[in-house]
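A.B. asks: To start, I am sharing the structure in question, which I have written as structure tokens.
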Amino acid sequence: MIGKLALRSLRHRAGAFLATFVALFIGATIVMACGGLMETGIRNNVPPERLAGAQILVTGDRSHHQAGDKKQRVLAERVELPAGLVGKVEAVPGVRKAIGERTFDAALPGGGGDGTARGHAWESAALTPYALAEGAAPRRGEVVLDAALARRARAGAGDRIRVAAHGGSAEYRVSGVARPAAGREVPQRTLFFSAADAERLSAHPGTVADIAVVTDPGADVGAVRKGVKAALDGQPVTLLTGDDRGAVEHPEVVAGGEDLVAISGVFGGLGVTVAMFVVAGTVGLSAQQRFRELALLRAVGTTRGQVRRMLLGESLAVAVLAGAAAWPAGPALGRWLFGRMTDTGMVAETVEFSQGWIPTLPAYGSLLLTTVAGTLFGTLRAVRTKPVEALGEAAVRQRWFHPVRLGLALLFLAGATALALVTALVLRGPVAASTAGPTVMCCVVGLALLGPWFAKAVSVLLHWPVRLLTGASGRLAALNCRASAVRTAAVATPVMLATAITTGMLYLQTSVAAATDREFTENLRADAVLASAAGGVDPALVTAVRRLPGVAAASATATGFAYTVRPHDGDENKHGTALQGIDAEGAGQVLATRPTAGRLADLKGNAVALPEAAARRMHRGVGDTIGLKMGDGASVDVRIVALFPAREGFETALTSASLLARHTTAGLPAQILVKAAPGVPVERLTGELGRFAARHPGLKVSDRDEVTAQRKQNTRTQMWANYLIVGMLVAYTILAVVNSTVVAVGTRRREFALQRLTGSTKGQVMRMMAIESLYVTAVGLILGTLAAATTLVPFDLSVSDSPLPSGPASIYLAVVAAAGAVTLVSTLVPTWAALRARPVEAAKV
């Protein structure tokens, strides 16, 4: 009986339930899209391209297990394998051929040099397979280009081209042009060298990047895999088959999958919370619109449970339709978001988007949770109110307070306070942003539960300014808002939610970017930077640069990451330490680092300079030794030669450039930092370096401003994916604003009719509602700004010692303008529609 009544209600209240349908549909779609992104990050599938012909790939084990840390970490660099392992693998029964892969970055400075290519030995061309379209296989001093690179360089067999690789450049004769087999595609531009040249140009002679295994026809790949594993017993290797093989060609995707899982989890959870708000507000206002109807049902004997089941049945019926519509929409949105992430470089283009049936489970689970929780909470007042009270006073109800509501509100506000204190006092640096989402949502929930009280408090502040500035219409609007605090809070809550999410999340991103850029810029004292088109720079060039006119100091530099393995306590064990390699000579001039103990001049060989806070955590000082596990898995003991102050959260330890470069994938320093002599203009320095680079093809010169501008651009490009998802959630909350406002105005048709019967004109009613909408917007903006401040103020104190966020004021001004415009339009349009009816007829409704 209750189910039939619920279905009949749907037929006769299509407009009201359409708002609920849209809210549930968008919520389920967002969660399903985030679920698809999470599945993509977990699977991290990268179909093999150039190595598709190998059934098994053997690569160095990049996993790092730290005692006491349950999480498996990923080493930052490629782990090379001894070349001698190739013979052991080839001797395994079932292995037709084992090829030791040598992989290194290369570029063509004279043509096709707008991006890097990848160099390999010709022997590996059979793995794609590549076939010669013209020419012959390369010998020493020769190179084979793939067809795409040959077109870009406008080179063919017999031509001579210059190739930059491994810190230098040389001319090679093009012996041939190769194309991948039909049906195979290799987007990465590729060069093939002779085995001797590939060995010479590889970053780490005597090693191979991986071992490609081609099995005998008909051989059991699983059995061969076991045989290879047994043959390499004791070696830290990983054996990959299937789509996992693509991670060998594109090692950057190994760490990228974790980032995708993290961002999709954060925004998926945020989407569920926002959906509960939207649905609760929409269903609650819809129930308010039917208050007399529900009261009549109670008056004729319907129990609270039956009314609750009817309302829940209505929402569940709408949820079924919303879930069916979200089934195709969720994967489509997820694929579109994934495309935007790959466009901005946040996710590697080679990762394959994966969305099966698994993300539908949390999506539909959240849909059910949102429907049930939102309906029960949103209709609580309508169900609990006594029939006589409801029939006698349906239009204005002030009974909203309940001890349970107060307890929950205080609990959420206490949680927001605790998270804010943790952010300000415990966390440091960008990691402090991890509490942003929970802090904002806890504060928003707490403020929403006590919404009528806060709405009345803010109304007291706004009452007299509104009355003084807006005349009679404003006075009436202010009195309406104060008298109907429950209704005011219902409309102001989604405005508060939209303001809190937009302001909090966007300014958080701009603050993170500003803090990161500031640390980089303040520590960089070099006036110019020399970098290579591919493969790093030759350390021998540093001495030549120091001899150039106008150069005060020059230092090779590299960046990396390491884990502290001794001592066994401190955050550095679990989270690792960022490293910057620098030459002892000139380090004090190209960097702003000033040691408080020891000397940077001693930063030679296996030496390290630590931030003071890191040294305190490890209980070590100058002269002590610590053990590091470098990015390539090598264990190194280093001696502490200096301590220096650094902002917590942005700490980077300094090592010698020669030590760090040996343990990077490139095997060479990444750049040369150059400081101009006193009185020498930067333009003169860059001109001299430009002439030097012309004598060493493959080098490029950038001044300090270009380097910092490029870093800022890269930072902001990486954040566009976050902006996109935040914008999607904000659009969802705007829907809540429209729904809440339209439904709230729809319940006041009799009120408008009575005003007109007592002498008010349509224009006066419209002016009153316009002022009232802006009044409600101001309430929502004030509360939303307060909620956003609970995240932004502690975070900015953590990263910059200033309570004000970094970012343009235009963000907040745009939020204010958008909130005012949306609320005003969604108020005036239904008001105008309500005023079209004759007052006498409307008063009878």
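All residue names refer to the structure tokens as shown: chains lettered A, B, ... in order, residues numbered from 1 in each chain, ligands numbered from 1 in order.
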Which neighbours of A:Leu699 fall inside 6 Å, counting only C-alpha atoms, when residues of the same chain fewer than 4 positions from it are skipped, and could you give them as a list in words?
C.D. replies: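 Surrounding residues, per the criterion: Ala531, Ser532 and Ala693 of chain A.
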A.B. asks: Those residues with C-alpha atoms, as an mmCIF file, in the first residue's frame please?
C.D. replies:
```cif
data_model
loop_
_atom_site.group_PDB
_atom_site.id
_atom_site.type_symbol
_atom_site.label_atom_id
_atom_site.label_comp_id
_atom_site.auth_asym_id
_atom_site.auth_seq_id
_atom_site.Cartn_x
_atom_site.Cartn_y
_atom_site.Cartn_z
ATOM 1 C CA ALA A 531 71.009 22.103 -19.691
ATOM 2 C CA SER A 532 71.232 19.374 -22.296
ATOM 3 C CA ALA A 693 76.611 26.208 -26.150
#
```
A.B. asks: Mind checking which residues fall within 12 Å of A:Ala324, counting only C-alpha atoms, ignoring those fewer than 6 positions away in the same chain, and posting them as a list in words?
C.D. replies: Phe21, Leu24, Phe25, Ile26, Ala28, Thr29, Ala317, Val318, Gly330, Thr360, Ala363, Tyr364 and Leu367 of chain A
A.B. asks: Excluding A:Val816 and any residue of its chain fewer than 6 positions from it, enumerate the residues within 12 Å of it, using only C-alpha atoms, and give them as a list in words.
C.D. replies: Val495, Met496, Ala498, Thr499, Ala500, Thr502, Thr503, Leu774, Thr777, Ala778, Val779, Gly780, Leu781, Ile782, Gly784, Thr785, Ala809, Ser810, Val822 and Thr823 of chain A
A.B. asks: Can you write just those residues out, C-alpha atoms, as a compact mmCIF listing (two decimals), in the first residue's frame?
C.D. replies:
```
# COMPACT_ATOMS: atom_id res chain seq x y z
CA VAL A 495 25.54 28.60 -0.88
CA MET A 496 27.82 27.97 2.10
CA ALA A 498 29.65 26.00 -2.75
CA THR A 499 31.61 28.89 -1.20
CA ALA A 500 33.56 26.64 1.16
CA THR A 502 35.40 26.70 -4.17
CA THR A 503 37.29 29.11 -1.94
CA LEU A 774 21.04 38.70 -1.71
CA THR A 777 23.55 34.84 -0.27
CA ALA A 778 25.43 37.01 2.22
CA VAL A 779 24.60 34.56 5.02
CA GLY A 780 25.89 31.65 2.93
CA LEU A 781 29.02 33.54 1.85
CA ILE A 782 29.91 34.51 5.42
CA GLY A 784 31.22 29.45 3.69
CA THR A 785 34.16 31.82 4.05
CA ALA A 809 41.54 38.13 -5.17
CA SER A 810 39.60 37.56 -8.38
CA VAL A 822 22.72 32.14 -9.19
CA THR A 823 20.67 32.79 -6.06
```
A.B. asks: In stretch 568-715 of chain A, what's alpha helix (DSSP H) per DSSP? Answer as a PyMOL selection string?
C.D. replies: chain A and resi 571-575+587-590+612-618+657-662+682-694+704-715
A.B. asks: Among stretch 404-606 of chain A, which ones does DSSP place in strand (DSSP E), written as a PyMOL selection string?
C.D. replies: chain A and resi 528-532+551-566+577-582+597-598
A.B. asks: Find the spatial neighbours of A:Gly588, counting only C-alpha atoms, within a cut-off of 12 Å - ignore same-chain residues fewer than 2 positions away - and output them as a ChimeraX atom specification.
C.D. replies: /A:523-526,552-555,582-586,590-595,599-603,644,654,673-675
A.B. asks: So the first atom is atom CA of A:Val765 and the second is atom CA of A:Thr488; what is the distance between them in Å, to one decimal place?
C.D. replies: 17.3 Å
A.B. asks: Choose the residue, out of A:Asp146, A:Glu134, A:Asp796, A:Glu80, that has the smallest atom-to-atom separation from A:Val512; count only C-alpha atoms.
C.D. replies: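 Under the stated criterion, the closest residue is A:Asp796.
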A.B. asks: List the neighbours of A:Val228 out to 10 Å using only C-alpha atoms; skip same-chain residues closer than 2 positions along the sequence, and give me the result as a VMD selection string.
C.D. replies: chain A and resid 56 58 88 to 95 213 222 to 226 230 to 233 239
A.B. asks: Quote the spacing between atom CA of A:Ser202 and atom CA of A:Ala181 in Å to one decimal place.
C.D. replies: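 Separation of atom CA of A:Ser202 and atom CA of A:Ala181: 26.2 Å.
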A.B. asks: Calculated over only C-alpha atoms, which of the candidates A:His575, A:Lys456, A:His65, A:Arg340 has the smallest distance to A:Val431?
C.D. replies: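 Residue with the minimum atom-to-atom distance to A:Val431: A:His575.
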A.B. asks: With distances taken over only C-alpha atoms, which of A:Asp244, A:Glu648, A:Glu49, A:Glu101 is nearest to A:Val186?
C.D. replies: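 Ranking A:Asp244, A:Glu648, A:Glu49, A:Glu101 by distance to A:Val186, first place goes to A:Glu49.
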A.B. asks: Using only C-alpha atoms, can you tell me which of A:Gly679, A:Pro129, A:Gly407, A:Pro438 comes closest to A:Leu419?
C.D. replies: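 So, comparing all the options, the nearest one is A:Pro438.
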A.B. asks: Can you tell me which residues surround A:Leu316 at a distance of at most 12 Å, considering only C-alpha atoms, apart from same-chain residues fewer than 5 positions away, and format the answer as an NGL selection string?
C.D. replies: :A and (3 or 6-7 or 10 or 17 or 20-21 or 24 or 279 or 283 or 309-311 or 321-323 or 364 or 367-376)
A.B. asks: For the residues in the current selection, export N, CA and C atoms as a PDB file, in the first residue's frame.
C.D. replies:
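Below you can see out38.pdb, which holds the result:
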```pdb
ATOM      1  N   GLY A   3       3.948   1.429  -0.931  1.00  0.00           N
ATOM      2  CA  GLY A   3       4.687   1.495  -2.196  1.00  0.00           C
ATOM      3  C   GLY A   3       3.851   2.071  -3.312  1.00  0.00           C
ATOM      4  N   ALA A   6       3.590   5.757  -2.891  1.00  0.00           N
ATOM      5  CA  ALA A   6       4.836   6.422  -3.282  1.00  0.00           C
ATOM      6  C   ALA A   6       4.920   6.582  -4.796  1.00  0.00           C
ATOM      7  N   LEU A   7       4.546   5.519  -5.537  1.00  0.00           N
ATOM      8  CA  LEU A   7       4.609   5.601  -6.994  1.00  0.00           C
ATOM      9  C   LEU A   7       3.598   6.591  -7.542  1.00  0.00           C
ATOM     10  N   LEU A  10       4.935  10.049  -7.273  1.00  0.00           N
ATOM     11  CA  LEU A  10       5.908  10.377  -8.313  1.00  0.00           C
ATOM     12  C   LEU A  10       5.220  10.894  -9.568  1.00  0.00           C
ATOM     13  N   PHE A  17      10.293  15.806  -8.030  1.00  0.00           N
ATOM     14  CA  PHE A  17      11.173  14.639  -8.035  1.00  0.00           C
ATOM     15  C   PHE A  17      12.225  14.714  -9.138  1.00  0.00           C
ATOM     16  N   THR A  20      15.310  15.867  -7.444  1.00  0.00           N
ATOM     17  CA  THR A  20      15.964  14.767  -6.725  1.00  0.00           C
ATOM     18  C   THR A  20      16.676  13.836  -7.696  1.00  0.00           C
ATOM     19  N   PHE A  21      16.044  13.544  -8.828  1.00  0.00           N
ATOM     20  CA  PHE A  21      16.652  12.679  -9.838  1.00  0.00           C
ATOM     21  C   PHE A  21      17.968  13.272 -10.332  1.00  0.00           C
ATOM     22  N   LEU A  24      20.682  12.981  -7.610  1.00  0.00           N
ATOM     23  CA  LEU A  24      21.200  11.619  -7.456  1.00  0.00           C
ATOM     24  C   LEU A  24      21.985  11.180  -8.686  1.00  0.00           C
ATOM     25  N   VAL A 279      21.146  16.072  -1.787  1.00  0.00           N
ATOM     26  CA  VAL A 279      19.927  15.263  -1.737  1.00  0.00           C
ATOM     27  C   VAL A 279      19.123  15.589  -0.480  1.00  0.00           C
ATOM     28  N   VAL A 283      15.362  16.938  -0.936  1.00  0.00           N
ATOM     29  CA  VAL A 283      14.249  16.139  -0.423  1.00  0.00           C
ATOM     30  C   VAL A 283      13.585  16.846   0.752  1.00  0.00           C
ATOM     31  N   ARG A 309       8.452   5.545   5.405  1.00  0.00           N
ATOM     32  CA  ARG A 309       8.639   4.544   4.359  1.00  0.00           C
ATOM     33  C   ARG A 309       8.122   5.038   3.014  1.00  0.00           C
ATOM     34  N   MET A 310       7.027   5.806   3.035  1.00  0.00           N
ATOM     35  CA  MET A 310       6.506   6.353   1.777  1.00  0.00           C
ATOM     36  C   MET A 310       7.515   7.311   1.147  1.00  0.00           C
ATOM     37  N   LEU A 311       8.053   8.225   1.979  1.00  0.00           N
ATOM     38  CA  LEU A 311       9.022   9.187   1.464  1.00  0.00           C
ATOM     39  C   LEU A 311      10.290   8.477   0.987  1.00  0.00           C
ATOM     40  N   LEU A 321      16.089   5.014 -11.140  1.00  0.00           N
ATOM     41  CA  LEU A 321      16.189   5.678 -12.443  1.00  0.00           C
ATOM     42  C   LEU A 321      17.518   6.415 -12.572  1.00  0.00           C
ATOM     43  N   ALA A 322      17.940   7.080 -11.499  1.00  0.00           N
ATOM     44  CA  ALA A 322      19.208   7.809 -11.539  1.00  0.00           C
ATOM     45  C   ALA A 322      20.385   6.857 -11.736  1.00  0.00           C
ATOM     46  N   GLY A 323      20.330   5.695 -11.065  1.00  0.00           N
ATOM     47  CA  GLY A 323      21.404   4.720 -11.219  1.00  0.00           C
ATOM     48  C   GLY A 323      21.471   4.169 -12.628  1.00  0.00           C
ATOM     49  N   TYR A 364      27.016   2.735  -6.800  1.00  0.00           N
ATOM     50  CA  TYR A 364      25.638   2.418  -6.418  1.00  0.00           C
ATOM     51  C   TYR A 364      25.502   2.314  -4.900  1.00  0.00           C
ATOM     52  N   LEU A 367      25.153   5.768  -3.923  1.00  0.00           N
ATOM     53  CA  LEU A 367      23.827   6.222  -4.346  1.00  0.00           C
ATOM     54  C   LEU A 367      22.770   5.788  -3.337  1.00  0.00           C
ATOM     55  N   LEU A 368      22.857   4.531  -2.901  1.00  0.00           N
ATOM     56  CA  LEU A 368      21.905   4.035  -1.907  1.00  0.00           C
ATOM     57  C   LEU A 368      22.085   4.759  -0.576  1.00  0.00           C
ATOM     58  N   LEU A 369      23.351   4.922  -0.162  1.00  0.00           N
ATOM     59  CA  LEU A 369      23.623   5.616   1.093  1.00  0.00           C
ATOM     60  C   LEU A 369      23.131   7.056   1.038  1.00  0.00           C
ATOM     61  N   THR A 370      23.416   7.727  -0.069  1.00  0.00           N
ATOM     62  CA  THR A 370      22.994   9.114  -0.228  1.00  0.00           C
ATOM     63  C   THR A 370      21.473   9.223  -0.207  1.00  0.00           C
ATOM     64  N   THR A 371      20.802   8.304  -0.891  1.00  0.00           N
ATOM     65  CA  THR A 371      19.342   8.341  -0.951  1.00  0.00           C
ATOM     66  C   THR A 371      18.728   8.135   0.425  1.00  0.00           C
ATOM     67  N   VAL A 372      19.167   7.087   1.103  1.00  0.00           N
ATOM     68  CA  VAL A 372      18.578   6.758   2.403  1.00  0.00           C
ATOM     69  C   VAL A 372      18.913   7.828   3.441  1.00  0.00           C
ATOM     70  N   ALA A 373      20.222   8.149   3.558  1.00  0.00           N
ATOM     71  CA  ALA A 373      20.619   9.130   4.576  1.00  0.00           C
ATOM     72  C   ALA A 373      20.034  10.505   4.278  1.00  0.00           C
ATOM     73  N   GLY A 374      20.095  10.911   2.996  1.00  0.00           N
ATOM     74  CA  GLY A 374      19.572  12.225   2.632  1.00  0.00           C
ATOM     75  C   GLY A 374      18.077  12.319   2.870  1.00  0.00           C
ATOM     76  N   THR A 375      17.333  11.263   2.550  1.00  0.00           N
ATOM     77  CA  THR A 375      15.881  11.282   2.742  1.00  0.00           C
ATOM     78  C   THR A 375      15.523  11.269   4.227  1.00  0.00           C
ATOM     79  N   LEU A 376      16.165  10.385   4.980  1.00  0.00           N
ATOM     80  CA  LEU A 376      15.846  10.306   6.413  1.00  0.00           C
ATOM     81  C   LEU A 376      16.172  11.617   7.127  1.00  0.00           C
TER      82      LEU A 376
END
```
A.B. asks: For A:Asp210, which of A:Val163, A:Leu786, A:Val320, A:Ala54 is the closest residue, counting only C-alpha atoms?
C.D. replies: A:Ala54
A.B. asks: Take atom CA of A:Leu754 and atom CA of A:Thr741 and report the distance between them in Å, one decimal.
C.D. replies: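 Computing it gives 20.6 Å between the two atoms.
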A.B. asks: Closest to A:Val551 among A:Gly339, A:Gly687, A:Gly451, A:Gly271, using only C-alpha atoms?
C.D. replies: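 That would be A:Gly687, the residue with the smallest distance to A:Val551.
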A.B. asks: Please identify all polymer residues within 12 Å of A:Ala170, counting only C-alpha atoms, omitting same-chain residues fewer than 2 positions from it, and present them as a count of residues only.
C.D. replies: 25
